[in-house]
file protein-v8.cif (mmCIF, C-alpha atoms)
data_coords
loop_
_atom_site.label_atom_id
_atom_site.label_comp_id
_atom_site.auth_asym_id
_atom_site.auth_seq_id
_atom_site.Cartn_x
_atom_site.Cartn_y
_atom_site.Cartn_z
CA MET A 94 81.45 -36.03 46.46
CA LYS A 95 78.92 -33.27 46.73
CA ILE A 96 76.13 -32.18 49.02
CA SER A 97 72.93 -30.90 47.49
CA PRO A 98 72.34 -27.44 49.01
CA ASP A 99 68.61 -27.83 48.37
CA ALA A 100 68.39 -31.08 50.31
CA CYS A 101 70.92 -30.36 53.10
CA ILE A 102 69.32 -29.51 56.46
CA ALA A 103 72.67 -28.47 58.01
CA CYS A 104 72.49 -31.05 60.80
CA LEU A 105 76.32 -31.31 60.59
CA GLU A 106 76.24 -35.09 61.18
CA CYS A 107 78.49 -35.81 58.20
CA ILE A 108 81.32 -33.42 59.08
CA ASP A 109 83.23 -35.64 61.50
CA PHE A 110 83.32 -38.61 59.12
CA CYS A 111 85.47 -36.94 56.45
CA PRO A 112 89.07 -38.25 56.62
CA MET A 113 90.25 -35.08 54.85
CA ASN A 114 88.26 -32.76 57.12
CA CYS A 115 86.95 -30.97 54.06
CA ILE A 116 83.21 -30.82 54.78
CA VAL A 117 82.51 -27.28 55.97
CA GLU A 118 79.56 -25.13 57.04
CA LYS A 119 78.66 -22.63 54.35
CA GLY A 120 75.89 -20.25 55.33
CA ASP A 121 72.73 -22.24 56.03
CA THR A 122 74.09 -25.40 54.51
CA VAL A 123 77.14 -27.66 54.42
CA ALA A 124 79.48 -28.11 51.45
CA ILE A 125 82.43 -30.24 50.42
CA ASP A 126 85.61 -28.42 49.39
CA GLN A 127 86.03 -29.88 45.91
CA ASP A 128 89.75 -29.18 45.73
CA GLU A 129 90.43 -31.05 48.97
CA CYS A 130 87.91 -33.89 48.53
CA VAL A 131 89.64 -37.16 47.57
CA GLU A 132 86.42 -38.97 46.59
CA CYS A 133 86.90 -41.68 49.20
CA GLY A 134 83.12 -41.99 49.64
CA VAL A 135 83.25 -42.31 53.44
CA CYS A 136 80.67 -39.54 53.96
CA LEU A 137 78.17 -41.27 51.67
CA ARG A 138 78.73 -44.79 53.02
CA ALA A 139 78.45 -43.56 56.62
CA GLY A 140 74.73 -43.23 55.99
CA VAL A 141 74.40 -40.41 58.49
CA CYS A 142 72.70 -37.86 56.25
CA PRO A 143 68.99 -37.92 57.20
CA ALA A 144 68.10 -35.94 54.08
CA GLY A 145 70.01 -38.04 51.55
CA ALA A 146 71.82 -34.90 50.43
CA ILE A 147 75.26 -36.49 49.86
CA TYR A 148 75.90 -37.87 46.39
CA MET A 149 78.66 -38.74 43.96
CA PRO A 150 78.30 -36.51 40.87
CA ASP A 151 79.19 -37.74 37.40
CA GLU A 152 82.30 -35.54 37.30
CA SER A 153 83.82 -37.54 40.17
CA MET A 154 84.32 -40.42 37.74
CA GLN A 155 85.60 -38.34 34.85
CA TYR A 156 89.31 -37.97 34.17
CA PRO A 157 91.54 -36.58 35.50
CA ARG A 158 89.46 -36.40 38.72
CA ALA A 159 88.62 -40.11 38.47
CA ILE A 160 92.03 -41.06 39.88
CA ARG A 161 90.98 -39.59 43.24
CA ALA A 162 88.45 -42.37 43.86
CA GLN A 163 90.78 -44.99 42.38
CA PHE A 164 93.42 -44.18 44.98
CA SER A 165 91.12 -43.28 47.87
CA ASP A 166 88.08 -45.57 47.81
CA PRO A 167 89.11 -49.21 48.40
CA GLY A 168 86.00 -50.36 46.60
CA VAL A 169 87.13 -48.82 43.29
CA GLN A 170 89.62 -50.68 41.11
CA HIS A 171 92.62 -49.15 39.41
CA PRO A 172 92.22 -49.76 35.67
CA SER A 173 96.00 -50.09 35.26
CA THR A 174 96.45 -52.92 37.77
CA ASN A 175 92.91 -54.32 38.19
CA GLN A 176 93.42 -54.01 41.95
CA GLY A 177 91.37 -52.22 44.56
CA GLY A 178 92.87 -50.55 47.60
CA ARG A 179 96.02 -48.69 46.63
CA GLY A 180 96.44 -50.89 43.60
CA THR A 181 99.30 -53.24 44.32
CA GLU A 182 99.91 -56.83 45.45
CA GLU A 183 103.33 -55.75 46.77
CA MET A 184 104.74 -58.50 49.05
CA LYS A 185 101.44 -60.06 50.04
CA THR A 186 101.85 -62.70 47.35
CA ASN A 187 105.64 -62.63 47.13
CA ASP A 188 105.87 -66.32 47.99
CA VAL A 189 104.16 -67.16 44.68
CA THR A 190 105.17 -64.20 42.47
CA GLY A 191 108.83 -63.69 43.44
CA ARG A 192 108.39 -59.94 43.02
CA ILE A 193 111.14 -59.27 45.56
CA ARG A 194 114.01 -61.78 45.32
CA ARG A 195 116.91 -62.64 47.58
CA GLY A 196 119.60 -59.99 47.15
CA GLU A 197 117.01 -57.24 46.71
CA PHE A 198 115.04 -54.94 48.97
CA GLY A 199 111.68 -53.53 48.01
CA MET A 200 110.81 -49.99 49.04
CA ALA A 201 107.30 -48.61 49.35
CA LEU A 202 106.69 -44.94 50.01
CA GLU A 203 103.06 -44.31 50.87
CA PHE A 204 102.36 -40.62 50.39
CA GLY A 205 99.61 -39.03 52.46
CA ARG A 206 99.41 -41.81 55.02
CA PRO A 207 98.41 -41.52 57.80
CA GLY A 208 95.47 -39.21 57.33
CA THR A 209 96.88 -36.18 55.55
CA GLY A 210 96.31 -37.00 51.89
CA ALA A 211 98.77 -36.12 49.14
CA ARG A 212 98.95 -34.32 45.83
CA MET A 213 100.55 -35.98 42.85
CA THR A 214 103.08 -33.13 42.96
CA ASP A 215 104.28 -34.46 46.34
CA ILE A 216 105.02 -37.80 44.71
CA GLU A 217 106.68 -36.09 41.78
CA ALA A 218 109.17 -34.38 44.11
CA ILE A 219 110.50 -37.78 45.17
CA LEU A 220 110.24 -39.34 41.73
CA LYS A 221 112.53 -36.71 40.27
CA VAL A 222 115.19 -37.80 42.75
CA LEU A 223 114.56 -41.52 42.28
CA VAL A 224 115.06 -41.42 38.51
CA THR A 225 118.58 -40.10 39.10
CA MET A 226 119.40 -42.93 41.50
CA ASP A 227 119.28 -45.98 39.25
CA VAL A 228 116.50 -47.71 41.20
CA GLU A 229 114.03 -50.09 39.57
CA LEU A 230 110.55 -48.57 39.71
CA GLU A 231 107.77 -51.15 40.01
CA ARG A 232 105.67 -51.09 36.86
CA ASP A 233 102.81 -53.16 38.26
CA ASN A 234 101.77 -50.27 40.44
CA ALA A 235 98.97 -47.72 40.10
CA VAL A 236 101.25 -44.67 40.43
CA PHE A 237 103.56 -45.91 37.68
CA ALA A 238 100.68 -45.78 35.21
CA LEU A 239 100.47 -42.00 35.73
CA LEU A 240 104.12 -41.26 34.90
CA GLU A 241 105.38 -39.57 31.77
CA GLU A 242 107.39 -41.94 29.61
CA PRO A 243 110.25 -42.04 28.91
CA LEU A 244 110.73 -41.69 32.65
CA THR A 245 111.67 -38.19 33.73
CA GLY A 246 110.13 -38.32 37.18
CA ARG A 247 107.20 -36.23 36.05
CA ILE A 248 103.56 -37.16 36.50
CA GLN A 249 101.42 -36.72 33.40
CA ALA A 250 100.35 -33.06 33.41
CA GLU A 251 96.60 -33.66 33.65
CA PHE A 252 96.99 -35.59 36.93
CA ARG A 253 99.60 -33.42 38.62
CA ASN A 254 97.29 -31.43 40.89
CA GLU A 255 94.96 -34.27 41.82
CA LYS A 256 94.71 -35.11 45.51
CA VAL A 257 94.35 -38.64 46.88
CA LEU A 258 93.98 -40.15 50.34
CA SER A 259 97.25 -41.97 49.81
CA ALA A 260 99.31 -43.47 47.00
CA ILE A 261 102.15 -45.96 47.10
CA LEU A 262 105.32 -45.61 45.05
CA GLU A 263 107.32 -48.85 44.85
CA PHE A 264 110.85 -49.61 43.71
CA LYS A 265 113.58 -52.19 44.18
CA ILE A 266 117.24 -51.82 45.06
CA PRO A 267 120.15 -54.26 45.36
CA GLU A 268 120.76 -55.04 49.04
CA ALA A 269 124.20 -53.47 48.87
CA ARG A 270 122.77 -50.05 48.06
CA LEU A 271 120.55 -49.73 51.13
CA GLU A 272 122.65 -47.18 53.00
CA ALA A 273 123.16 -44.99 49.92
CA VAL A 274 119.47 -44.95 49.00
CA VAL A 275 118.18 -44.33 52.53
CA GLY A 276 120.76 -41.60 53.08
CA ARG A 277 119.75 -39.85 49.88
CA LEU A 278 116.01 -40.08 50.50
CA LEU A 279 115.88 -38.95 54.14
CA PRO A 280 116.49 -35.21 53.52
CA VAL A 281 114.21 -35.15 50.48
CA LEU A 282 111.36 -36.73 52.42
CA ALA A 283 111.87 -34.24 55.24
CA ASP A 284 111.14 -31.36 52.85
CA LEU A 285 107.74 -32.63 51.69
CA ASP A 286 104.46 -30.85 52.39
CA THR A 287 102.81 -34.12 53.33
CA VAL A 288 103.70 -37.24 55.28
CA VAL A 289 105.08 -40.51 53.97
CA SER A 290 104.82 -43.92 55.61
CA TRP A 291 107.96 -45.72 54.55
CA GLY A 292 108.08 -49.49 54.18
CA LEU A 293 110.91 -51.88 53.29
CA VAL A 294 110.40 -55.39 51.93
CA SER A 295 113.02 -57.99 52.79
CA ARG A 296 113.25 -61.72 52.31
CA PHE A 297 113.94 -63.67 55.47
CA ALA A 298 117.44 -65.14 55.58
CA GLU A 299 117.82 -68.91 55.42
CA ASP A 300 118.18 -69.01 59.21
CA GLY A 301 114.85 -67.20 59.67
CA THR A 302 116.33 -63.84 60.68
CA LEU A 303 116.05 -60.36 59.18
CA PRO A 304 119.60 -58.97 59.07
CA VAL A 305 118.33 -55.74 57.56
CA ARG A 306 116.96 -54.69 60.95
CA SER A 307 120.43 -54.15 62.37
CA ARG A 308 121.54 -52.26 59.25
CA LEU A 309 118.53 -49.95 59.54
CA ALA A 310 119.17 -49.38 63.23
CA ALA A 311 122.79 -48.50 62.48
CA MET A 312 121.57 -45.83 60.06
CA GLY A 313 119.28 -44.30 62.69
CA VAL A 314 116.16 -45.47 60.85
CA PRO A 315 115.12 -48.46 62.94
CA ALA A 316 112.31 -50.70 61.80
CA ARG A 317 109.24 -50.49 64.00
CA PRO A 318 108.45 -53.56 66.16
CA ASN A 319 105.48 -54.60 64.04
CA ALA A 320 105.45 -55.68 60.43
CA LYS A 321 103.53 -57.57 57.83
CA ILE A 322 104.86 -61.08 57.27
CA ASN A 323 104.21 -63.43 54.38
CA MET A 324 104.19 -66.83 56.08
CA GLY A 325 105.40 -68.81 53.05
CA LEU A 326 102.22 -70.87 52.66
CA GLY A 327 101.52 -69.89 49.03
CA ARG A 328 102.04 -72.59 46.36
CA PRO A 329 103.89 -73.12 44.11
CA ILE A 330 106.46 -71.29 46.19
CA VAL A 331 109.16 -69.10 44.61
CA GLU A 332 112.58 -69.20 46.25
CA PRO A 333 111.58 -71.10 49.42
CA MET B 80 95.95 -54.30 53.59
CA SER B 81 99.05 -52.69 52.09
CA HIS B 82 99.26 -50.68 55.26
CA SER B 83 98.84 -52.91 58.31
CA LEU B 84 102.60 -52.76 58.93
CA HIS B 85 102.11 -49.09 59.79
CA ARG B 86 99.67 -49.67 62.68
CA HIS B 87 100.80 -47.09 65.21
CA GLY B 88 101.86 -47.90 68.77
CA THR B 89 104.64 -49.20 70.95
CA ALA B 90 105.41 -52.92 71.20
CA ARG B 91 103.42 -52.98 74.45
CA GLN B 92 100.45 -51.27 72.81
CA LEU B 93 100.54 -53.68 69.88
CA GLU B 94 100.87 -56.95 71.74
CA LYS B 95 97.16 -57.78 71.40
CA ASP B 96 96.71 -56.75 67.78
CA TYR B 97 97.14 -59.18 64.90
CA THR B 98 95.70 -59.13 61.40
CA PHE B 99 95.36 -62.01 58.95
CA TYR B 100 95.11 -61.70 55.21
CA ALA B 101 94.68 -64.64 52.86
CA ARG B 102 95.56 -63.10 49.52
CA THR B 103 95.21 -64.47 46.02
CA SER B 104 97.51 -63.36 43.22
CA ARG B 105 95.91 -62.37 39.95
CA TYR B 106 98.88 -63.94 38.18
CA VAL B 107 98.91 -67.27 39.99
CA ASN B 108 95.87 -68.45 41.90
CA ARG B 109 92.88 -66.11 41.76
CA GLU B 110 91.09 -68.18 39.16
CA GLY B 111 88.95 -70.74 40.97
CA CYS B 112 89.98 -69.45 44.40
CA GLY B 113 86.45 -69.45 45.88
CA PRO B 114 86.44 -72.87 47.58
CA LYS B 115 89.92 -72.26 49.04
CA LEU B 116 89.01 -68.84 50.40
CA ARG B 117 85.81 -70.22 51.89
CA ARG B 118 87.83 -72.92 53.61
CA ILE B 119 90.22 -70.31 54.97
CA LEU B 120 87.30 -68.17 56.16
CA ARG B 121 85.88 -71.18 58.01
CA ILE B 122 89.22 -71.73 59.71
CA LEU B 123 89.45 -68.07 60.71
CA LEU B 124 85.93 -68.00 62.13
CA GLU B 125 85.65 -71.45 63.74
CA GLU B 126 88.19 -70.28 66.31
CA GLU B 127 85.40 -67.97 67.50
CA ARG B 128 87.95 -65.43 68.58
CA ALA B 129 87.97 -63.20 65.50
CA VAL B 130 87.38 -59.61 66.56
CA ASN B 131 86.42 -58.47 63.07
CA PHE B 132 86.62 -59.57 59.44
CA GLY B 133 85.67 -58.45 55.96
CA SER B 134 87.20 -57.08 52.78
CA SER B 135 86.93 -54.08 50.51
CA HIS B 136 85.16 -56.08 47.80
CA ALA B 137 82.40 -56.97 50.28
CA GLY B 138 81.98 -53.26 51.00
CA LYS B 139 81.62 -53.59 54.75
CA SER B 140 83.04 -55.43 57.73
CA TYR B 141 81.51 -57.79 60.27
CA LYS B 142 81.29 -54.87 62.69
CA ALA B 143 79.27 -52.99 60.09
CA GLY B 144 76.84 -55.87 59.66
CA LEU B 145 78.55 -58.21 57.18
CA ASN B 146 76.95 -61.66 57.40
CA PRO B 147 79.55 -64.49 57.24
CA ASP B 148 77.43 -66.60 54.86
CA ASP B 149 76.76 -63.67 52.53
CA TYR B 150 80.46 -62.86 52.63
CA ALA B 151 81.46 -66.44 51.83
CA ALA B 152 79.25 -66.33 48.74
CA THR B 153 81.25 -63.37 47.35
CA LEU B 154 84.64 -65.07 47.43
CA ASP B 155 84.81 -66.68 43.98
CA LYS B 156 86.84 -63.87 42.38
CA ALA B 157 87.97 -62.09 45.53
CA TYR B 158 91.37 -60.65 46.34
CA GLY B 159 91.20 -62.46 49.64
CA VAL B 160 89.89 -62.64 53.17
CA ALA B 161 90.94 -60.37 56.05
CA ALA B 162 90.38 -60.65 59.79
CA CYS B 163 91.85 -59.34 63.03
CA PHE B 164 92.48 -60.89 66.41
CA SER B 165 93.54 -59.82 69.90
CA ASP B 166 94.54 -63.25 71.13
CA ARG B 167 98.02 -64.61 70.35
CA ASP B 168 96.93 -68.19 71.03
CA ALA B 169 94.16 -67.87 68.46
CA VAL B 170 96.64 -66.64 65.87
CA ARG B 171 98.96 -69.56 66.57
CA SER B 172 96.11 -72.05 66.40
CA ILE B 173 94.85 -70.66 63.09
CA LEU B 174 98.32 -70.68 61.56
CA GLY B 175 98.62 -74.35 62.47
CA LYS B 176 95.29 -75.13 60.82
CA LEU B 177 96.18 -73.14 57.72
CA LYS B 178 99.45 -75.04 57.40
CA GLU B 179 97.53 -78.30 57.62
CA ALA B 180 94.89 -77.11 55.12
CA ASP B 181 97.66 -76.36 52.55
CA THR B 182 95.40 -74.30 50.28
CA GLY B 183 98.32 -72.71 48.41
CA ILE B 184 96.89 -69.22 48.99
CA SER B 185 99.40 -66.71 50.39
CA ILE B 186 98.89 -66.00 54.09
CA VAL B 187 100.04 -62.70 55.55
CA VAL B 188 100.07 -61.94 59.28
CA SER B 189 100.67 -58.47 60.71
CA GLY B 190 101.75 -57.90 64.27
CA LEU B 191 104.85 -57.89 66.43
CA ILE B 192 107.68 -59.31 64.35
CA ASP B 193 109.35 -61.28 67.11
CA GLU B 194 106.08 -62.88 68.22
CA ILE B 195 105.13 -63.94 64.69
CA VAL B 196 108.58 -65.38 64.02
CA LYS B 197 108.40 -67.24 67.33
CA MET B 198 105.00 -68.70 66.43
CA ALA B 199 106.35 -69.74 63.04
CA GLY B 200 109.19 -71.57 64.76
CA GLU B 201 106.77 -73.36 67.08
CA LEU B 202 104.78 -74.55 64.05
CA ASP B 203 107.77 -75.37 61.86
CA LEU B 204 106.77 -72.69 59.35
CA LYS B 205 109.35 -70.78 57.35
CA PRO B 206 108.34 -67.12 56.95
CA HIS B 207 109.08 -65.94 53.41
CA THR B 208 109.06 -62.14 53.27
CA ALA B 209 108.71 -59.25 55.72
CA PHE B 210 107.34 -55.78 55.07
CA LEU B 211 108.97 -53.58 57.70
CA SER B 212 107.78 -50.12 58.68
CA LEU B 213 110.43 -47.41 58.80
CA GLY B 214 107.96 -44.97 60.34
CA VAL B 215 106.37 -41.74 59.20
CA HIS B 216 108.55 -39.16 57.46
CA GLY B 217 107.91 -35.74 55.96
CA LYS B 218 105.75 -33.05 57.53
CA ARG B 219 105.00 -34.78 60.81
CA ALA B 220 103.54 -31.57 62.23
CA LEU B 221 100.40 -32.49 60.26
CA LEU B 222 99.86 -35.62 62.35
CA PRO B 223 97.28 -35.82 65.13
CA GLU B 224 98.01 -36.91 68.68
CA ASP B 225 99.48 -40.31 69.48
CA GLN B 226 96.28 -41.94 70.79
CA ILE B 227 94.36 -40.80 67.72
CA LEU B 228 97.00 -42.31 65.43
CA GLN B 229 96.77 -45.58 67.34
CA ILE B 230 93.09 -45.71 66.41
CA THR B 231 93.01 -44.28 62.88
CA THR B 232 95.89 -46.43 61.61
CA MET B 233 93.91 -49.58 62.39
CA CYS B 234 92.03 -48.90 59.17
CA GLY B 235 94.58 -49.62 56.49
CA HIS B 236 92.92 -47.49 53.85
CA GLY B 237 92.64 -44.41 56.07
CA MET B 238 88.85 -44.38 56.18
CA VAL B 239 88.61 -43.54 59.91
CA SER B 240 88.89 -39.80 60.36
CA ALA B 241 90.91 -38.13 63.09
CA THR B 242 88.04 -35.71 63.64
CA LEU B 243 85.54 -38.50 64.31
CA THR B 244 88.06 -40.17 66.60
CA ARG B 245 88.52 -36.95 68.57
CA THR B 246 84.75 -36.55 68.91
CA VAL B 247 84.41 -40.12 70.18
CA ILE B 248 87.20 -39.57 72.72
CA ASP B 249 85.47 -36.42 73.96
CA LYS B 250 82.16 -38.28 74.33
CA VAL B 251 83.82 -41.16 76.18
CA LYS B 252 85.61 -38.76 78.52
CA ALA B 253 82.33 -36.94 79.17
CA GLY B 254 80.56 -40.19 79.98
CA LYS B 255 78.22 -39.81 77.01
CA MET B 256 79.48 -42.92 75.24
CA THR B 257 81.04 -46.18 76.42
CA PRO B 258 84.46 -47.20 75.04
CA GLU B 259 82.80 -50.22 73.41
CA ALA B 260 80.16 -48.11 71.67
CA GLY B 261 82.85 -45.68 70.58
CA ALA B 262 84.95 -48.49 69.12
CA HIS B 263 81.92 -49.89 67.29
CA LEU B 264 81.18 -46.49 65.73
CA LEU B 265 84.78 -45.96 64.67
CA ALA B 266 84.89 -49.40 63.02
CA GLN B 267 82.03 -48.55 60.64
CA PRO B 268 83.99 -46.74 57.89
CA CYS B 269 86.63 -49.52 57.60
CA PRO B 270 85.34 -52.12 55.10
CA CYS B 271 88.27 -54.53 55.28
CA GLY B 272 87.53 -55.79 58.78
CA ILE B 273 90.99 -55.22 60.23
CA PHE B 274 89.87 -52.46 62.58
CA ASN B 275 90.40 -54.09 65.96
CA THR B 276 87.50 -52.90 68.12
CA GLU B 277 88.87 -54.60 71.24
CA ARG B 278 92.15 -52.69 71.00
CA CYS B 279 90.21 -49.52 70.21
CA SER B 280 88.05 -49.99 73.33
CA THR B 281 91.18 -50.37 75.42
CA ILE B 282 92.64 -47.15 74.00
CA LEU B 283 89.36 -45.30 74.62
CA GLU B 284 89.20 -46.62 78.18
CA ILE B 285 92.72 -45.31 78.79
CA CYS B 286 91.65 -41.95 77.32
CA ARG B 287 88.59 -41.90 79.58
CA THR B 288 90.68 -41.90 82.70
CA SER B 289 93.84 -40.13 81.58
CA VAL B 290 94.40 -36.41 81.94
CA LEU B 291 97.09 -36.70 79.26
CA CYS B 292 94.58 -37.69 76.59
CA THR B 293 92.87 -34.53 75.37
#
call {"tool": "encode", "arguments": {"input": "protein-v8.cif", "output": "structure tokens"}}
result
Amino acid sequence: MKISPDACIACLECIDFCPMNCIVEKGDTVAIDQDECVECGVCLRAGVCPAGAIYMPDESMQYPRAIRAQFSDPGVQHPSTNQGGRGTEEMKTNDVTGRIRRGEFGMALEFGRPGTGARMTDIEAILKVLVTMDVELERDNAVFALLEEPLTGRIQAEFRNEKVLSAILEFKIPEARLEAVVGRLLPVLADLDTVVSWGLVSRFAEDGTLPVRSRLAAMGVPARPNAKINMGLGRPIVEP
Amino acid sequence: MSHSLHRHGTARQLEKDYTFYARTSRYVNREGCGPKLRRILRILLEEERAVNFGSSHAGKSYKAGLNPDDYAATLDKAYGVAACFSDRDAVRSILGKLKEADTGISIVVSGLIDEIVKMAGELDLKPHTAFLSLGVHGKRALLPEDQILQITTMCGHGMVSATLTRTVIDKVKAGKMTPEAGAHLLAQPCPCGIFNTERCSTILEICRTSVLCT
């Protein structure tokens, strides 16, 4: 996003709306820090500029910068997954896709959430560890499309310094490996320069319980009291 | 709505905050989903207790002026329909109606785990999969104050800025804005309609009178 210096009247109305806090006063006008802007479009959609000075320039949609809007503006689709938002169905449709099966846990690391944003290099720091851990990275995921192949844990060079509002890395593990994977990831996550919201996908047991909650608590990483729950109403259902 | 599991707050603070998402799969049931999603939307709205609704494909939420009929007309190739509620009884009632409707579209509810599981038991539903939040890791020093996180995390895509939230809190504390008006303003950037303005008003009201909220 950019602000036309000729049109801007420096009313400052747009500044508060930026989730990345990257709209700044610059002399007699206001400008958007292009390195920090994630192209989420909030400033434009807020409709608070009385002079119509905020606009999306053509370069915002040119690669490699184009991935900023794909990850940050929920109205823009990811070309790799044809999904808006952060580009993944994850467990929302698990009752009809069977993406996460019994005997498996899904993991979702959302980099930059809440509210800090993340560079692709932040994600790369974790990826380099994950590829040594024999986990199954989810291919139907917008981050996966940016990886170098064969998998080394590196993001394709042209995208490495791009910043996004948040991006979700997904992978699966056998249930038996939970303690080993969590134990290995905790110190690596602690060293990051951004924040990560960590999610774990589990099937309900036949008796309607979630035994993984007690395992997580025993590791000192308790699940929060709220969660997202697929109610099993999709049809045809996979693994009822 | 990949993020509603991470809505910030204690169990007490979250007890009046539920989100619904009827979600199609591009691999299974998106083709021809319009009539089913419209039926689900009717069920969600006929309860008349929806706080907000919308979706990213519609570009704005009910609180930002989305008309339900205009929205219904966009649902033929939509990802799904999202809404949020404060009332547990409304959530239970809607789940019962969705079970009866048997549309085959996946239904996801976010909220307190134990309450949702209890409701499922009451309705003889068998929850399929849970997405648990293990909290925020990494450089937590970057995070804003607790009450700001409670508000900003109600927009799943992170569209509500901490700076705007702080400004609204200051205005509410100074008596220049009501909690309701503040909540309405903060809901504007969130297109998916899961920003719960009733919960936000409650948080702002607490901020208005608390010396701990700065």
call {"tool": "atom_distance", "arguments": {"input": "protein-v8.cif", "atom1": "CA of Pro268 (chain B)", "atom2": "CA of Lys115 (chain B)"}}
result
27.7 Å
call {"tool": "resolve_selection", "arguments": {"input": "protein-v8.cif", "expression": "the PyMOL selection byres ((chain A) within 6 of (chain B))", "output": "PyMOL selection string"}}
result
chain A and resi 109-112+167-168+186+282-283+285-297+316-328
call {"tool": "write_last_selection", "arguments": {"input": "protein-v8.cif", "atoms": "C-alpha atoms", "output": "PDB file, in the coordinates of the input"}}
result
ATOM      1  CA  ASP A 109      83.230 -35.640  61.500  1.00  0.00           C
ATOM      2  CA  PHE A 110      83.320 -38.610  59.120  1.00  0.00           C
ATOM      3  CA  CYS A 111      85.470 -36.940  56.450  1.00  0.00           C
ATOM      4  CA  PRO A 112      89.070 -38.250  56.620  1.00  0.00           C
ATOM      5  CA  PRO A 167      89.110 -49.210  48.400  1.00  0.00           C
ATOM      6  CA  GLY A 168      86.000 -50.360  46.600  1.00  0.00           C
ATOM      7  CA  THR A 186     101.850 -62.700  47.350  1.00  0.00           C
ATOM      8  CA  LEU A 282     111.360 -36.730  52.420  1.00  0.00           C
ATOM      9  CA  ALA A 283     111.870 -34.240  55.240  1.00  0.00           C
ATOM     10  CA  LEU A 285     107.740 -32.630  51.690  1.00  0.00           C
ATOM     11  CA  ASP A 286     104.460 -30.850  52.390  1.00  0.00           C
ATOM     12  CA  THR A 287     102.810 -34.120  53.330  1.00  0.00           C
ATOM     13  CA  VAL A 288     103.700 -37.240  55.280  1.00  0.00           C
ATOM     14  CA  VAL A 289     105.080 -40.510  53.970  1.00  0.00           C
ATOM     15  CA  SER A 290     104.820 -43.920  55.610  1.00  0.00           C
ATOM     16  CA  TRP A 291     107.960 -45.720  54.550  1.00  0.00           C
ATOM     17  CA  GLY A 292     108.080 -49.490  54.180  1.00  0.00           C
ATOM     18  CA  LEU A 293     110.910 -51.880  53.290  1.00  0.00           C
ATOM     19  CA  VAL A 294     110.400 -55.390  51.930  1.00  0.00           C
ATOM     20  CA  SER A 295     113.020 -57.990  52.790  1.00  0.00           C
ATOM     21  CA  ARG A 296     113.250 -61.720  52.310  1.00  0.00           C
ATOM     22  CA  PHE A 297     113.940 -63.670  55.470  1.00  0.00           C
ATOM     23  CA  ALA A 316     112.310 -50.700  61.800  1.00  0.00           C
ATOM     24  CA  ARG A 317     109.240 -50.490  64.000  1.00  0.00           C
ATOM     25  CA  PRO A 318     108.450 -53.560  66.160  1.00  0.00           C
ATOM     26  CA  ASN A 319     105.480 -54.600  64.040  1.00  0.00           C
ATOM     27  CA  ALA A 320     105.450 -55.680  60.430  1.00  0.00           C
ATOM     28  CA  LYS A 321     103.530 -57.570  57.830  1.00  0.00           C
ATOM     29  CA  ILE A 322     104.860 -61.080  57.270  1.00  0.00           C
ATOM     30  CA  ASN A 323     104.210 -63.430  54.380  1.00  0.00           C
ATOM     31  CA  MET A 324     104.190 -66.830  56.080  1.00  0.00           C
ATOM     32  CA  GLY A 325     105.400 -68.810  53.050  1.00  0.00           C
ATOM     33  CA  LEU A 326     102.220 -70.870  52.660  1.00  0.00           C
ATOM     34  CA  GLY A 327     101.520 -69.890  49.030  1.00  0.00           C
ATOM     35  CA  ARG A 328     102.040 -72.590  46.360  1.00  0.00           C
TER      36      ARG A 328
END
call {"tool": "atom_distance", "arguments": {"input": "protein-v8.cif", "atom1": "CA of Gly133 (chain B)", "atom2": "CA of Lys185 (chain A)"}}
result
16.9 Å
call {"tool": "atom_distance", "arguments": {"input": "protein-v8.cif", "atom1": "CA of Gly301 (chain A)", "atom2": "CA of Pro267 (chain A)"}}
result
20.0 Å
call {"tool": "residues_near_point", "arguments": {"input": "protein-v8.cif", "point": "(97.3, -44.4, 75.0)", "cutoff": "12 Å", "atoms": "only C-alpha atoms", "output": "PyMOL selection string"}}
result
chain B and resi 87-89+91-93+224-230+248+278-293
call {"tool": "resolve_selection", "arguments": {"input": "protein-v8.cif", "expression": "the PyMOL selection byres ((chain A and resi 153) around 12)", "output": "list in words"}}
result
Met94, Lys95, Gln127, Asp128, Cys130, Val131, Glu132, Cys133, Gly134, Tyr148, Met149, Pro150, Asp151, Glu152, Met154, Gln155, Tyr156, Pro157, Arg158, Ala159, Ile160, Arg161, Ala162, Gln163, Asp166 and Glu255 of chain A
call {"tool": "resolve_selection", "arguments": {"input": "protein-v8.cif", "expression": "the PyMOL selection byres ((chain A and resi 142) around 12)", "output": "list in words"}}
result
Ile96, Ser97, Ala100, Cys101, Ile102, Ala103, Cys104, Leu105, Glu106, Cys107, Ile108, Asp109, Phe110, Val123, Val135, Cys136, Leu137, Arg138, Ala139, Gly140, Val141, Pro143, Ala144, Gly145, Ala146, Ile147 and Tyr148 of chain A
